file query.cif (mmCIF, C-alpha atoms)
data_data
#
loop_
_atom_site.group_PDB
_atom_site.id
_atom_site.type_symbol
_atom_site.label_atom_id
_atom_site.label_comp_id
_atom_site.auth_asym_id
_atom_site.auth_seq_id
_atom_site.Cartn_x
_atom_site.Cartn_y
_atom_site.Cartn_z
ATOM 1 C CA MET A 233 -10.519 -49.678 29.978
ATOM 2 C CA ARG A 234 -10.610 -52.327 32.688
ATOM 3 C CA THR A 235 -12.876 -51.337 35.553
ATOM 4 C CA ASP A 236 -12.326 -54.230 37.973
ATOM 5 C CA LEU A 237 -9.573 -56.527 39.249
ATOM 6 C CA SER A 238 -10.747 -59.776 37.669
ATOM 7 C CA HIS A 239 -7.572 -60.014 35.584
ATOM 8 C CA LEU A 240 -5.500 -60.816 38.690
ATOM 9 C CA PRO A 241 -4.475 -64.460 39.173
ATOM 10 C CA PRO A 242 -6.152 -66.378 41.993
ATOM 11 C CA SER A 243 -4.251 -66.572 45.266
ATOM 12 C CA SER A 244 -2.328 -69.775 45.866
ATOM 13 C CA PRO A 245 -2.990 -71.884 48.971
ATOM 14 C CA GLU A 246 0.245 -70.530 50.461
ATOM 15 C CA GLU A 247 -0.895 -66.960 49.848
ATOM 16 C CA ILE A 248 -4.265 -67.716 51.436
ATOM 17 C CA ARG A 249 -2.515 -69.122 54.506
ATOM 18 C CA ALA A 250 -0.349 -66.010 54.705
ATOM 19 C CA MET A 251 -3.348 -63.692 54.397
ATOM 20 C CA THR A 252 -5.230 -65.482 57.171
ATOM 21 C CA ARG A 253 -2.178 -65.315 59.436
ATOM 22 C CA ARG A 254 -1.900 -61.581 58.777
ATOM 23 C CA VAL A 255 -5.448 -60.988 60.033
ATOM 24 C CA GLY A 256 -4.859 -63.112 63.128
ATOM 25 C CA LEU A 257 -6.763 -66.241 62.104
ATOM 26 C CA ASP A 258 -5.170 -69.424 63.386
ATOM 27 C CA LEU A 259 -7.432 -72.147 62.027
ATOM 28 C CA PRO A 260 -7.040 -75.876 62.710
ATOM 29 C CA GLU A 261 -5.720 -77.596 59.583
ATOM 30 C CA GLU A 262 -9.050 -79.192 58.668
ATOM 31 C CA LEU A 263 -10.816 -75.826 58.802
ATOM 32 C CA MET A 264 -7.947 -74.176 56.937
ATOM 33 C CA GLN A 265 -8.340 -76.694 54.121
ATOM 34 C CA GLN A 266 -12.059 -75.861 53.941
ATOM 35 C CA PHE A 267 -11.242 -72.141 53.889
ATOM 36 C CA ILE A 268 -8.670 -72.608 51.134
ATOM 37 C CA ALA A 269 -11.363 -74.384 49.105
ATOM 38 C CA ALA A 270 -13.985 -71.699 49.814
ATOM 39 C CA TRP A 271 -11.924 -68.516 49.364
ATOM 40 C CA PRO A 272 -11.391 -68.509 45.557
ATOM 41 C CA ALA A 273 -15.115 -67.971 44.848
ATOM 42 C CA PHE A 274 -15.153 -65.016 47.250
ATOM 43 C CA GLU A 275 -11.899 -63.631 45.882
ATOM 44 C CA ALA A 276 -13.334 -63.731 42.355
ATOM 45 C CA MET A 277 -16.460 -61.970 43.629
ATOM 46 C CA VAL A 278 -14.523 -59.157 45.275
ATOM 47 C CA ARG A 279 -12.414 -58.677 42.174
ATOM 48 C CA ARG A 280 -15.538 -58.193 40.036
ATOM 49 C CA ILE A 281 -16.462 -55.065 42.029
ATOM 50 C CA PRO A 282 -16.140 -52.038 39.716
ATOM 51 C CA ARG A 283 -13.330 -49.685 40.667
ATOM 52 C CA SER A 284 -14.260 -46.784 38.417
ATOM 53 C CA LEU A 285 -17.416 -45.417 40.006
ATOM 54 C CA GLY A 286 -17.918 -41.678 39.823
ATOM 55 C CA ARG A 287 -17.651 -39.384 42.816
ATOM 56 C CA GLU A 288 -21.427 -39.207 43.033
ATOM 57 C CA ALA A 289 -21.506 -42.873 44.116
ATOM 58 C CA GLU A 290 -20.961 -42.234 47.791
ATOM 59 C CA PRO A 291 -21.357 -45.039 50.323
ATOM 60 C CA ALA A 292 -25.016 -45.845 50.951
ATOM 61 C CA HIS A 293 -24.680 -46.025 54.711
ATOM 62 C CA SER A 294 -24.825 -42.825 56.666
ATOM 63 C CA TYR A 295 -24.197 -41.578 60.159
ATOM 64 C CA ARG A 296 -27.346 -39.937 61.491
ATOM 65 C CA PRO A 297 -26.359 -37.649 64.336
ATOM 66 C CA VAL A 298 -29.964 -36.862 65.315
ATOM 67 C CA ARG A 299 -30.766 -40.521 65.827
ATOM 68 C CA ILE A 300 -27.645 -41.021 67.950
ATOM 69 C CA ALA A 301 -28.347 -37.887 70.007
ATOM 70 C CA ARG A 302 -31.881 -39.068 70.787
ATOM 71 C CA SER A 303 -30.845 -42.591 71.776
ATOM 72 C CA MET B 263 -46.749 -48.226 61.942
ATOM 73 C CA PRO B 264 -49.291 -48.342 59.083
ATOM 74 C CA ASN B 265 -52.182 -50.773 59.263
ATOM 75 C CA TYR B 266 -50.966 -53.216 56.630
ATOM 76 C CA ALA B 267 -54.137 -55.278 56.729
ATOM 77 C CA ALA B 268 -56.353 -52.315 55.869
ATOM 78 C CA GLY B 269 -55.565 -52.257 52.150
ATOM 79 C CA LEU B 270 -55.042 -55.969 51.716
ATOM 80 C CA THR B 271 -58.262 -56.662 49.865
ATOM 81 C CA ARG B 272 -58.070 -53.714 47.486
ATOM 82 C CA SER B 273 -58.012 -54.635 43.800
ATOM 83 C CA ILE B 274 -54.681 -54.632 41.997
ATOM 84 C CA GLU B 275 -56.345 -53.496 38.786
ATOM 85 C CA GLY B 276 -54.238 -50.881 37.071
ATOM 86 C CA LEU B 277 -51.113 -51.505 39.126
ATOM 87 C CA ARG B 278 -47.974 -51.417 36.989
ATOM 88 C CA LEU B 279 -45.610 -54.307 37.673
ATOM 89 C CA GLY B 280 -42.071 -54.566 36.286
ATOM 90 C CA LEU B 281 -41.026 -58.135 35.508
ATOM 91 C CA ILE B 282 -37.280 -58.795 35.959
ATOM 92 C CA GLU B 283 -37.186 -61.881 33.802
ATOM 93 C CA HIS B 284 -33.485 -61.851 32.939
ATOM 94 C CA TRP B 285 -32.552 -62.756 36.538
ATOM 95 C CA TYR B 286 -34.116 -66.217 36.163
ATOM 96 C CA ALA B 287 -34.275 -66.761 32.400
ATOM 97 C CA HIS B 288 -31.015 -68.738 32.286
ATOM 98 C CA GLY B 289 -29.566 -71.253 34.705
ATOM 99 C CA ALA B 290 -32.691 -71.609 36.812
ATOM 100 C CA HIS B 291 -34.715 -74.762 37.428
ATOM 101 C CA PRO B 292 -36.393 -75.639 34.103
ATOM 102 C CA ASP B 293 -39.863 -75.524 35.650
ATOM 103 C CA LEU B 294 -39.356 -72.010 37.012
ATOM 104 C CA PRO B 295 -39.758 -69.838 33.870
ATOM 105 C CA PRO B 296 -43.084 -71.471 32.896
ATOM 106 C CA ALA B 297 -44.314 -71.174 36.493
ATOM 107 C CA MET B 298 -43.387 -67.487 36.485
ATOM 108 C CA SER B 299 -45.121 -66.961 33.140
ATOM 109 C CA ALA B 300 -48.257 -68.535 34.545
ATOM 110 C CA ALA B 301 -48.053 -66.311 37.637
ATOM 111 C CA VAL B 302 -47.734 -63.236 35.429
ATOM 112 C CA GLU B 303 -50.837 -64.281 33.511
ATOM 113 C CA VAL B 304 -52.743 -64.612 36.796
ATOM 114 C CA LEU B 305 -51.723 -61.085 37.781
ATOM 115 C CA ARG B 306 -52.678 -59.762 34.352
ATOM 116 C CA GLY B 307 -56.017 -61.505 34.753
ATOM 117 C CA LEU B 308 -56.490 -59.541 37.972
ATOM 118 C CA GLY B 309 -56.002 -56.306 36.042
ATOM 119 C CA ALA B 310 -52.325 -55.574 36.689
ATOM 120 C CA VAL B 311 -50.202 -54.264 33.834
ATOM 121 C CA VAL B 312 -47.016 -56.347 33.670
ATOM 122 C CA GLU B 313 -44.116 -55.187 31.533
ATOM 123 C CA PRO B 314 -40.493 -56.343 31.360
ATOM 124 C CA VAL B 315 -37.815 -54.266 33.059
ATOM 125 C CA GLN B 316 -34.051 -54.596 32.745
ATOM 126 C CA LEU B 317 -31.800 -54.024 35.747
ATOM 127 C CA SER B 318 -28.140 -54.865 36.301
ATOM 128 C CA SER B 319 -27.306 -58.540 36.309
ATOM 129 C CA LEU B 320 -28.168 -60.755 39.246
ATOM 130 C CA ARG B 321 -24.443 -61.479 39.587
ATOM 131 C CA ASN B 322 -23.718 -57.770 40.039
ATOM 132 C CA TYR B 323 -26.271 -57.487 42.807
ATOM 133 C CA THR B 324 -25.066 -60.594 44.624
ATOM 134 C CA ASP B 325 -21.392 -59.609 44.337
ATOM 135 C CA CYS B 326 -22.159 -56.225 45.854
ATOM 136 C CA LYS B 327 -24.404 -57.503 48.622
ATOM 137 C CA THR B 328 -22.224 -60.478 49.568
ATOM 138 C CA THR B 329 -19.072 -58.377 49.815
ATOM 139 C CA ILE B 330 -20.799 -55.981 52.194
ATOM 140 C CA SER B 331 -22.533 -58.643 54.252
ATOM 141 C CA ILE B 332 -19.585 -60.976 54.806
ATOM 142 C CA ALA B 333 -17.357 -58.074 55.856
ATOM 143 C CA GLU B 334 -19.990 -56.946 58.353
ATOM 144 C CA LEU B 335 -20.745 -60.487 59.537
ATOM 145 C CA TYR B 336 -17.083 -61.158 60.122
ATOM 146 C CA ALA B 337 -16.703 -57.922 62.078
ATOM 147 C CA ILE B 338 -19.577 -58.945 64.347
ATOM 148 C CA HIS B 339 -18.384 -62.551 64.853
ATOM 149 C CA GLU B 340 -14.627 -61.969 64.705
ATOM 150 C CA LYS B 341 -13.926 -62.823 68.323
ATOM 151 C CA ASP B 342 -15.772 -66.152 68.192
ATOM 152 C CA LEU B 343 -14.421 -67.053 64.752
ATOM 153 C CA LYS B 344 -10.901 -66.561 66.051
ATOM 154 C CA THR B 345 -11.341 -68.383 69.351
ATOM 155 C CA ARG B 346 -13.794 -71.200 68.557
ATOM 156 C CA PRO B 347 -14.331 -71.505 64.786
ATOM 157 C CA GLN B 348 -15.164 -75.201 65.141
ATOM 158 C CA ASP B 349 -18.378 -74.252 66.977
ATOM 159 C CA PHE B 350 -19.826 -72.718 63.795
ATOM 160 C CA GLY B 351 -21.553 -74.940 61.245
ATOM 161 C CA ARG B 352 -19.390 -75.641 58.206
ATOM 162 C CA ILE B 353 -21.510 -73.758 55.690
ATOM 163 C CA LEU B 354 -21.983 -70.675 57.869
ATOM 164 C CA ARG B 355 -18.308 -70.654 58.869
ATOM 165 C CA ASN B 356 -17.159 -70.841 55.265
ATOM 166 C CA ARG B 357 -19.511 -68.034 54.292
ATOM 167 C CA VAL B 358 -18.449 -65.691 57.077
ATOM 168 C CA LEU B 359 -14.720 -66.372 57.431
ATOM 169 C CA PRO B 360 -13.908 -64.910 53.981
ATOM 170 C CA GLY B 361 -15.030 -61.590 55.429
ATOM 171 C CA ALA B 362 -11.698 -61.574 57.272
ATOM 172 C CA LEU B 363 -9.922 -61.037 53.955
ATOM 173 C CA ILE B 364 -12.185 -58.273 52.605
ATOM 174 C CA ARG B 365 -10.041 -55.159 52.495
ATOM 175 C CA ALA B 366 -11.359 -51.749 53.534
ATOM 176 C CA GLU B 367 -11.161 -50.518 49.932
ATOM 177 C CA ASP B 368 -13.195 -53.523 48.714
ATOM 178 C CA TYR B 369 -15.854 -52.850 51.337
ATOM 179 C CA VAL B 370 -16.079 -49.148 50.518
ATOM 180 C CA GLN B 371 -16.193 -49.810 46.765
ATOM 181 C CA ALA B 372 -19.039 -52.288 47.371
ATOM 182 C CA LEU B 373 -20.909 -49.653 49.405
ATOM 183 C CA ARG B 374 -20.450 -47.156 46.597
ATOM 184 C CA TRP B 375 -21.670 -49.734 44.077
ATOM 185 C CA ARG B 376 -24.667 -50.310 46.314
ATOM 186 C CA THR B 377 -25.624 -46.667 45.927
ATOM 187 C CA ALA B 378 -25.513 -46.963 42.146
ATOM 188 C CA LEU B 379 -27.565 -50.191 42.159
ATOM 189 C CA ALA B 380 -30.093 -48.769 44.626
ATOM 190 C CA ARG B 381 -30.553 -45.741 42.367
ATOM 191 C CA GLU B 382 -31.207 -48.076 39.457
ATOM 192 C CA GLN B 383 -33.968 -49.806 41.434
ATOM 193 C CA ALA B 384 -35.401 -46.478 42.546
ATOM 194 C CA ALA B 385 -35.556 -45.327 38.920
ATOM 195 C CA ALA B 386 -37.430 -48.511 37.958
ATOM 196 C CA LEU B 387 -39.878 -47.930 40.801
ATOM 197 C CA LYS B 388 -40.747 -44.523 39.373
ATOM 198 C CA ARG B 389 -42.156 -46.391 36.357
ATOM 199 C CA PHE B 390 -43.681 -49.306 38.271
ATOM 200 C CA ASP B 391 -45.683 -49.789 41.464
ATOM 201 C CA ALA B 392 -43.790 -53.017 42.193
ATOM 202 C CA LEU B 393 -41.200 -55.374 40.750
ATOM 203 C CA LEU B 394 -41.654 -59.098 40.117
ATOM 204 C CA THR B 395 -39.105 -61.836 39.764
ATOM 205 C CA ALA B 396 -38.569 -65.392 40.976
ATOM 206 C CA GLY B 397 -38.192 -66.055 44.702
ATOM 207 C CA ALA B 398 -35.526 -68.725 44.207
ATOM 208 C CA LEU B 399 -33.672 -70.088 41.192
ATOM 209 C CA GLY B 400 -34.284 -73.675 42.182
ATOM 210 C CA VAL B 401 -36.063 -75.810 44.718
ATOM 211 C CA ALA B 402 -35.055 -76.454 48.313
ATOM 212 C CA ASP B 403 -31.858 -78.413 48.888
ATOM 213 C CA ARG B 404 -31.875 -81.669 50.790
ATOM 214 C CA ALA B 405 -30.996 -81.183 54.460
ATOM 215 C CA GLU B 406 -27.556 -82.737 54.226
ATOM 216 C CA PRO B 407 -24.850 -80.895 56.190
ATOM 217 C CA SER B 408 -22.090 -82.355 54.020
ATOM 218 C CA GLN B 409 -23.378 -81.051 50.705
ATOM 219 C CA PRO B 410 -21.526 -78.176 48.998
ATOM 220 C CA ASP B 411 -22.604 -74.619 49.759
ATOM 221 C CA ARG B 412 -24.650 -73.670 46.702
ATOM 222 C CA LEU B 413 -24.848 -70.018 47.684
ATOM 223 C CA VAL B 414 -21.258 -69.556 46.588
ATOM 224 C CA SER B 415 -21.793 -71.009 43.120
ATOM 225 C CA VAL B 416 -25.432 -70.049 42.460
ATOM 226 C CA PRO B 417 -26.441 -66.386 42.861
ATOM 227 C CA SER B 418 -29.215 -65.740 45.351
ATOM 228 C CA ILE B 419 -32.182 -64.008 43.768
ATOM 229 C CA THR B 420 -33.408 -62.689 47.122
ATOM 230 C CA MET B 421 -30.298 -60.540 47.567
ATOM 231 C CA PRO B 422 -30.944 -57.727 45.046
ATOM 232 C CA PHE B 423 -33.808 -56.145 46.950
ATOM 233 C CA SER B 424 -31.691 -56.082 50.107
ATOM 234 C CA VAL B 425 -29.208 -53.951 48.166
ATOM 235 C CA GLY B 426 -31.897 -51.319 47.575
ATOM 236 C CA GLY B 427 -33.500 -51.726 50.998
ATOM 237 C CA LEU B 428 -36.816 -52.638 49.381
ATOM 238 C CA PRO B 429 -39.598 -54.554 51.116
ATOM 239 C CA ALA B 430 -40.005 -57.912 49.381
ATOM 240 C CA LEU B 431 -41.733 -61.212 49.914
ATOM 241 C CA ALA B 432 -41.789 -64.578 48.196
ATOM 242 C CA ILE B 433 -44.859 -66.753 47.767
ATOM 243 C CA PRO B 434 -45.353 -70.166 46.132
ATOM 244 C CA CYS B 435 -46.231 -70.081 42.431
ATOM 245 C CA GLY B 436 -45.967 -73.728 41.433
ATOM 246 C CA PHE B 437 -44.248 -77.030 42.069
ATOM 247 C CA SER B 438 -41.359 -78.666 40.244
ATOM 248 C CA ARG B 439 -42.373 -81.755 38.327
ATOM 249 C CA VAL B 440 -39.487 -84.041 39.277
ATOM 250 C CA GLU B 441 -38.848 -83.104 42.916
ATOM 251 C CA GLY B 442 -42.402 -82.017 43.716
ATOM 252 C CA LEU B 443 -41.080 -78.997 45.620
ATOM 253 C CA PRO B 444 -42.378 -75.401 45.644
ATOM 254 C CA LEU B 445 -41.261 -72.715 43.199
ATOM 255 C CA SER B 446 -41.727 -69.124 44.158
ATOM 256 C CA LEU B 447 -42.600 -65.648 42.963
ATOM 257 C CA GLN B 448 -41.002 -62.581 44.570
ATOM 258 C CA ILE B 449 -42.633 -59.166 44.839
ATOM 259 C CA ALA B 450 -40.824 -55.976 45.860
ATOM 260 C CA ALA B 451 -41.797 -52.315 46.026
ATOM 261 C CA ALA B 452 -40.370 -48.965 47.029
ATOM 262 C CA PRO B 453 -39.120 -48.424 50.591
ATOM 263 C CA MET B 454 -42.080 -48.219 53.016
ATOM 264 C CA ALA B 455 -44.444 -49.604 50.350
ATOM 265 C CA GLU B 456 -45.086 -52.825 52.254
ATOM 266 C CA PRO B 457 -48.872 -52.405 51.794
ATOM 267 C CA THR B 458 -48.416 -52.626 48.008
ATOM 268 C CA VAL B 459 -46.317 -55.790 48.271
ATOM 269 C CA LEU B 460 -48.827 -57.430 50.599
ATOM 270 C CA ARG B 461 -51.777 -56.359 48.475
ATOM 271 C CA ILE B 462 -50.342 -57.944 45.324
ATOM 272 C CA ALA B 463 -49.414 -61.141 47.168
ATOM 273 C CA TYR B 464 -52.838 -61.359 48.772
ATOM 274 C CA ALA B 465 -54.587 -60.849 45.436
ATOM 275 C CA TYR B 466 -52.430 -63.567 43.872
ATOM 276 C CA GLN B 467 -53.168 -65.993 46.675
ATOM 277 C CA GLN B 468 -56.899 -65.351 46.395
ATOM 278 C CA ALA B 469 -56.678 -66.381 42.749
ATOM 279 C CA THR B 470 -54.420 -69.445 43.226
ATOM 280 C CA ASP B 471 -53.995 -72.225 45.742
ATOM 281 C CA TRP B 472 -50.260 -72.947 45.508
ATOM 282 C CA HIS B 473 -49.812 -71.723 49.092
ATOM 283 C CA ARG B 474 -52.258 -74.344 50.338
ATOM 284 C CA ARG B 475 -50.448 -77.280 48.745
ATOM 285 C CA HIS B 476 -47.697 -79.197 50.478
ATOM 286 C CA PRO B 477 -44.856 -81.272 49.048
ATOM 287 C CA ASP B 478 -44.938 -84.995 49.636
ATOM 288 C CA LEU B 479 -42.133 -85.477 52.165
ATOM 289 C CA ALA B 480 -42.585 -89.231 52.542
#
call {"tool": "encode", "arguments": {"input": "query.cif", "output": "structure tokens"}}
result
Amino acid sequence: MRTDLSHLPPSSPEEIRAMTRRVGLDLPEELMQQFIAAWPAFEAMVRRIPRSLGREAEPAHSYRPVRIARS
Amino acid sequence: MPNYAAGLTRSIEGLRLGLIEHWYAHGAHPDLPPAMSAAVEVLRGLGAVVEPVQLSSLRNYTDCKTTISIAELYAIHEKDLKTRPQDFGRILRNRVLPGALIRAEDYVQALRWRTALAREQAAALKRFDALLTAGALGVADRAEPSQPDRLVSVPSITMPFSVGGLPALAIPCGFSRVEGLPLSLQIAAAPMAEPTVLRIAYAYQQATDWHRRHPDLA
């Protein structure tokens, strides 16, 4: 059974532009071209993250109320 | 705060060290594996017991850590990246901007993966007093701002111990033959076990002089 998203096709440059617009990034064209070149390696990385971890794998970060109360 | 210097000169005889060789066995600088083997022999000569240990792949650790860190970096720098992205250096900008496209579910899955990977390291540190691996897979890059960002294509071997929150340090353990640049050994131990890390590094540096040599920069 597949446990990650690495089977998905890479985003096209047009899709990358659309995604950046959606998050409010309005990059000059030169920087956008650099981002379009850089993103595929990161996209592949994110898609390799396993999606089938058990419930015991809770996030490692934690909110520590005592520390906040004492600050 | 413990007095880290107090135990620095204690012998490392009998310490059990887990060698994570598979992180640098393939794809590293060709001079690195022999330099690491020589470093291991030095530590064995000082009385440490060095045995191989297998953890998840270096790629797994770097995928997990990078996903978390770029999402957090982007959150911290979002305002500036949106209003004046040109003021960031190219390499830093192109490492942090992808954090804008990390979805909440990706970030949370990476945090959950981190827990699993950290448990794996903790289990290894029940068998060993410290872990050893390389401190870098290659030698230092030339200081050329236009060169490609190698971090994206080559996994960083210093990232895994950040995933587990382990104290770690890297010290020189040789020089590459062609470039004449330092190669390094990395030592990590359980959380709060900084004295153990420092003690092993100190013992190694008393037995070697790699840290006193300098590359020829002419």
call {"tool": "residues_around", "arguments": {"input": "query.cif", "residues": "Ser438 of chain B", "least_positions_apart": "5", "cutoff": "10 Å", "atoms": "only C-alpha atoms", "output": "JSON, numbers by chain"}}
result
{"B": [291, 292, 293, 294, 297, 400, 401, 443, 444, 445, 477]}
call {"tool": "resolve_selection", "arguments": {"input": "query.cif", "expression": "the PyMOL selection byres ((chain B) within 9 of (chain A))", "output": "compact mmCIF listing (two decimals) with C-alpha atoms, keeping the file's coordinate frame"}}
result
# COMPACT_ATOMS: atom_id res chain seq x y z
CA ARG B 321 -24.44 -61.48 39.59
CA ASN B 322 -23.72 -57.77 40.04
CA THR B 324 -25.07 -60.59 44.62
CA ASP B 325 -21.39 -59.61 44.34
CA CYS B 326 -22.16 -56.22 45.85
CA THR B 328 -22.22 -60.48 49.57
CA THR B 329 -19.07 -58.38 49.82
CA LEU B 343 -14.42 -67.05 64.75
CA LYS B 344 -10.90 -66.56 66.05
CA THR B 345 -11.34 -68.38 69.35
CA PRO B 347 -14.33 -71.50 64.79
CA GLN B 348 -15.16 -75.20 65.14
CA ARG B 352 -19.39 -75.64 58.21
CA ARG B 355 -18.31 -70.65 58.87
CA ASN B 356 -17.16 -70.84 55.26
CA ARG B 357 -19.51 -68.03 54.29
CA LEU B 359 -14.72 -66.37 57.43
CA PRO B 360 -13.91 -64.91 53.98
CA GLY B 361 -15.03 -61.59 55.43
CA ALA B 362 -11.70 -61.57 57.27
CA LEU B 363 -9.92 -61.04 53.96
CA ILE B 364 -12.18 -58.27 52.60
CA ASP B 368 -13.20 -53.52 48.71
CA TYR B 369 -15.85 -52.85 51.34
CA VAL B 370 -16.08 -49.15 50.52
CA GLN B 371 -16.19 -49.81 46.76
CA ALA B 372 -19.04 -52.29 47.37
CA LEU B 373 -20.91 -49.65 49.40
CA ARG B 374 -20.45 -47.16 46.60
CA TRP B 375 -21.67 -49.73 44.08
CA ARG B 376 -24.67 -50.31 46.31
CA THR B 377 -25.62 -46.67 45.93
CA ALA B 378 -25.51 -46.96 42.15
CA ALA B 380 -30.09 -48.77 44.63
CA VAL B 414 -21.26 -69.56 46.59
CA SER B 415 -21.79 -71.01 43.12
call {"tool": "resolve_selection", "arguments": {"input": "query.cif", "expression": "the PyMOL selection byres ((chain B and resi 420) around 10)", "output": "count of residues only"}}
result
20
call {"tool": "atom_distance", "arguments": {"input": "query.cif", "atom1": "atom CA of Ser273 of chain B", "atom2": "atom CA of Ala451 of chain B"}}
result
16.5 Å
call {"tool": "atom_distance", "arguments": {"input": "query.cif", "atom1": "atom CA of Leu460 of chain B", "atom2": "atom CA of Asn265 of chain B"}}
result
11.4 Å
